[in-house]
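For reference, entry_17.cif is printed below; it contains mmCIF, C-alpha atoms.
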data_run
#
loop_
_atom_site.group_PDB
_atom_site.id
_atom_site.type_symbol
_atom_site.label_atom_id
_atom_site.label_comp_id
_atom_site.auth_asym_id
_atom_site.auth_seq_id
_atom_site.Cartn_x
_atom_site.Cartn_y
_atom_site.Cartn_z
ATOM 1 C CA PHE Z 299 0.000 0.000 0.000
ATOM 2 C CA HIS Z 300 2.590 2.554 1.071
ATOM 3 C CA ALA Z 301 5.036 1.694 -1.688
ATOM 4 C CA ALA Z 302 2.310 2.054 -4.337
ATOM 5 C CA LEU Z 303 1.259 5.445 -2.974
ATOM 6 C CA ASN Z 304 4.836 6.675 -2.749
ATOM 7 C CA ARG Z 305 5.523 5.626 -6.345
ATOM 8 C CA ALA Z 306 2.285 7.205 -7.604
ATOM 9 C CA ALA Z 307 3.073 10.453 -5.793
ATOM 10 C CA GLY Z 308 6.754 10.453 -6.701
ATOM 11 C CA ALA Z 309 7.441 10.762 -2.964
ATOM 12 C CA ARG Z 310 11.034 9.555 -2.813
ATOM 13 C CA LYS Z 311 11.741 11.166 0.561
ATOM 14 C CA LEU Z 312 8.668 9.627 2.131
ATOM 15 C CA ALA Z 313 9.549 6.232 0.659
ATOM 16 C CA TRP Z 314 13.036 6.555 2.137
ATOM 17 C CA LEU Z 315 11.648 7.560 5.541
ATOM 18 C CA VAL Z 316 9.182 4.664 5.649
ATOM 19 C CA GLY Z 317 11.932 2.238 4.645
ATOM 20 C CA ARG Z 318 14.275 3.459 7.364
ATOM 21 C CA ALA Z 319 11.601 3.581 10.057
ATOM 22 C CA ALA Z 320 10.514 0.025 9.242
ATOM 23 C CA HIS Z 321 13.897 -1.251 10.420
ATOM 24 C CA TYR Z 322 13.011 -0.198 13.968
ATOM 25 C CA LEU Z 323 9.565 -1.802 14.082
ATOM 26 C CA PRO Z 324 9.081 -5.185 15.691
ATOM 27 C CA PRO Z 325 7.448 -7.861 13.513
ATOM 28 C CA ARG Z 326 3.710 -7.335 13.073
ATOM 29 C CA PHE Z 327 3.968 -3.957 14.812
ATOM 30 C CA TYR Z 328 0.602 -2.729 13.550
ATOM 31 C CA THR Z 329 -1.227 -6.005 12.949
ATOM 32 C CA ASP Z 330 -0.695 -7.448 16.445
ATOM 33 C CA ARG Z 331 -2.332 -4.477 18.149
ATOM 34 C CA GLN Z 332 -6.049 -4.189 17.417
ATOM 35 C CA ALA Z 333 -6.326 -0.459 18.141
ATOM 36 C CA TRP Z 334 -3.433 0.315 15.800
ATOM 37 C CA ARG Z 335 -4.755 -2.062 13.147
ATOM 38 C CA VAL Z 336 -8.179 -0.387 13.221
ATOM 39 C CA ALA Z 337 -6.652 3.101 13.132
ATOM 40 C CA THR Z 338 -4.411 2.149 10.210
ATOM 41 C CA VAL Z 339 -7.270 0.671 8.188
ATOM 42 C CA ASP Z 340 -9.398 3.752 8.892
ATOM 43 C CA ALA Z 341 -6.553 6.063 7.838
ATOM 44 C CA HIS Z 342 -6.043 4.107 4.616
ATOM 45 C CA ARG Z 343 -9.773 4.207 3.818
ATOM 46 C CA HIS Z 344 -9.900 7.964 4.437
ATOM 47 C CA LEU Z 345 -6.882 8.514 2.201
ATOM 48 C CA LEU Z 346 -8.225 6.292 -0.583
ATOM 49 C CA ALA Z 347 -11.606 8.033 -0.476
ATOM 50 C CA ALA Z 348 -9.921 11.422 -0.833
ATOM 51 C CA LEU Z 349 -7.819 10.155 -3.742
ATOM 52 C CA ALA Z 350 -10.868 8.627 -5.439
ATOM 53 C CA ALA Z 351 -12.707 11.932 -5.075
ATOM 54 C CA GLY Z 352 -9.751 13.825 -6.528
ATOM 55 C CA ASP Z 353 -9.535 15.903 -3.354
ATOM 56 C CA ALA Z 354 -5.826 16.651 -3.119
ATOM 57 C CA GLY Z 355 -6.108 18.788 0.015
ATOM 58 C CA THR Z 356 -7.946 16.136 1.983
ATOM 59 C CA ALA Z 357 -5.602 13.433 0.675
ATOM 60 C CA ARG Z 358 -2.585 15.447 1.768
ATOM 61 C CA ALA Z 359 -4.068 16.043 5.222
ATOM 62 C CA ALA Z 360 -4.969 12.356 5.559
ATOM 63 C CA MET Z 361 -1.461 11.290 4.581
ATOM 64 C CA GLU Z 362 0.135 13.807 6.911
ATOM 65 C CA GLY Z 363 -2.011 12.587 9.803
ATOM 66 C CA HIS Z 364 -1.193 8.964 8.985
ATOM 67 C CA VAL Z 365 2.548 9.647 8.924
ATOM 68 C CA LEU Z 366 2.421 11.590 12.188
ATOM 69 C CA ASP Z 367 0.358 8.854 13.872
ATOM 70 C CA GLY Z 368 2.945 6.314 12.734
ATOM 71 C CA ARG Z 369 5.686 8.529 14.102
ATOM 72 C CA ASP Z 370 3.985 8.697 17.478
ATOM 73 C CA LEU Z 371 3.516 4.917 17.628
ATOM 74 C CA LEU Z 372 7.143 4.288 16.677
ATOM 75 C CA VAL Z 373 8.503 6.784 19.205
ATOM 76 C CA ALA Z 374 6.320 5.275 21.957
ATOM 77 C CA HIS Z 375 7.615 1.814 21.074
ATOM 78 C CA LEU Z 376 11.242 2.957 21.054
ATOM 79 C CA GLU Z 377 10.792 4.634 24.419
ATOM 80 C CA ALA Z 378 9.152 1.488 25.838
ATOM 81 C CA VAL Z 379 12.084 -0.693 24.791
ATOM 82 C CA GLY Z 380 14.668 1.775 26.135
ATOM 83 C CA PHE Z 381 16.052 2.749 22.740
ATOM 84 C CA TRP Z 382 17.366 6.101 24.020
ATOM 85 C CA ASP Z 383 18.412 4.941 27.486
ATOM 86 C CA GLU Z 384 21.997 5.493 28.447
ATOM 87 C CA PRO Z 385 23.911 2.257 28.994
ATOM 88 C CA ALA Z 386 24.496 1.412 32.647
ATOM 89 C CA ARG Z 387 27.938 2.372 33.859
ATOM 90 C CA THR Z 388 29.861 -0.203 35.787
#

Would you write the structure of this file as structure tokens?
Amino acid sequence: FHAALNRAAGARKLAWLVGRAAHYLPPRFYTDRQAWRVATVDAHRHLLAALAAGDAGTARAAMEGHVLDGRDLLVAHLEAVGFWDEPART
């Protein structure tokens, strides 16, 4: 889904960002969590509806919201696993 949208939009920077961020996600990051799965499906439907209607402004806002929601989920995960914690000194 994301790769097809990025190609269609010519969004090389977004494609790069999604590819890099994916390296930090645990397997099934979105699909194992029902709330995230539902939110992701809803965001995709909203985006597809805007694209089908030819509403570029709504599509842009939907995509921006989807990216920012993904950012928030990834940051929360990284914080939960101690990604930014300083190593213990011995």

Counting only C-alpha atoms, which residues of segment 315-358 of chain Z fall within 12 Å of segment 370-385 of chain Z, and what is the closest atom pair for each with its distance in Å at one decimal, ordered by chain and rising number, as JSON lines?
{"residue": "Z:Val316", "atom": "CA", "partner": "Z:Leu372", "partner_atom": "CA", "distance": 11.2}
{"residue": "Z:Arg318", "atom": "CA", "partner": "Z:Leu372", "partner_atom": "CA", "distance": 11.8}
{"residue": "Z:Ala319", "atom": "CA", "partner": "Z:Leu372", "partner_atom": "CA", "distance": 8.0}
{"residue": "Z:Ala320", "atom": "CA", "partner": "Z:Leu372", "partner_atom": "CA", "distance": 9.2}
{"residue": "Z:His321", "atom": "CA", "partner": "Z:Leu372", "partner_atom": "CA", "distance": 10.7}
{"residue": "Z:Tyr322", "atom": "CA", "partner": "Z:Leu372", "partner_atom": "CA", "distance": 7.9}
{"residue": "Z:Leu323", "atom": "CA", "partner": "Z:Leu372", "partner_atom": "CA", "distance": 7.0}
{"residue": "Z:Pro324", "atom": "CA", "partner": "Z:His375", "partner_atom": "CA", "distance": 9.0}
{"residue": "Z:Phe327", "atom": "CA", "partner": "Z:Leu372", "partner_atom": "CA", "distance": 9.0}
{"residue": "Z:Tyr328", "atom": "CA", "partner": "Z:Leu371", "partner_atom": "CA", "distance": 9.1}
{"residue": "Z:Arg331", "atom": "CA", "partner": "Z:Leu371", "partner_atom": "CA", "distance": 11.1}
{"residue": "Z:Ala333", "atom": "CA", "partner": "Z:Leu371", "partner_atom": "CA", "distance": 11.2}
{"residue": "Z:Trp334", "atom": "CA", "partner": "Z:Leu371", "partner_atom": "CA", "distance": 8.5}
{"residue": "Z:Arg335", "atom": "CA", "partner": "Z:Leu371", "partner_atom": "CA", "distance": 11.7}
{"residue": "Z:Ala337", "atom": "CA", "partner": "Z:Leu371", "partner_atom": "CA", "distance": 11.3}
{"residue": "Z:Thr338", "atom": "CA", "partner": "Z:Leu371", "partner_atom": "CA", "distance": 11.2}

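Of the residues listed (Z:Ala386, Z:Ala351, Z:Ala309, Z:Ala341), Z:Ala341 shows the shortest atom-to-atom separation from Gly363 of chain Z; distances use all atoms listed in the file.
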
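Picture a line from atom CA of Asp340 of chain Z to atom CA of Asn304 of chain Z; it runs 18.6 Å.
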
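In terms of minimum interatomic distance to Ala307 of chain Z, Z:Ala357 ranks closest within Z:Ala357, Z:Ala347, Z:Val339, Z:Val365, counting only C-alpha atoms.
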
**Request:** Please identify all polymer residues within 12 Å of Ala301 of chain Z, counting all atoms listed in the file, omitting same-chain residues fewer than 4 positions from it, and present them as an MDAnalysis selection string.
**Result:** chainID Z and resid 305:317

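Interatomic distance, atom CA of Thr329 of chain Z to atom CA of Leu303 of chain Z: 19.8 Å.
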
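Counting from atom CA of Ala348 of chain Z, the distance to atom CA of Gln332 of chain Z is 24.3 Å.
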
**Request:** Using only C-alpha atoms, give me every residue within 12 Å of (-2.0, 15.0, 4.4) in file coordinates, as a PyMOL selection string.
**Result:** chain Z and resi 341-342+344-346+348-349+353-367
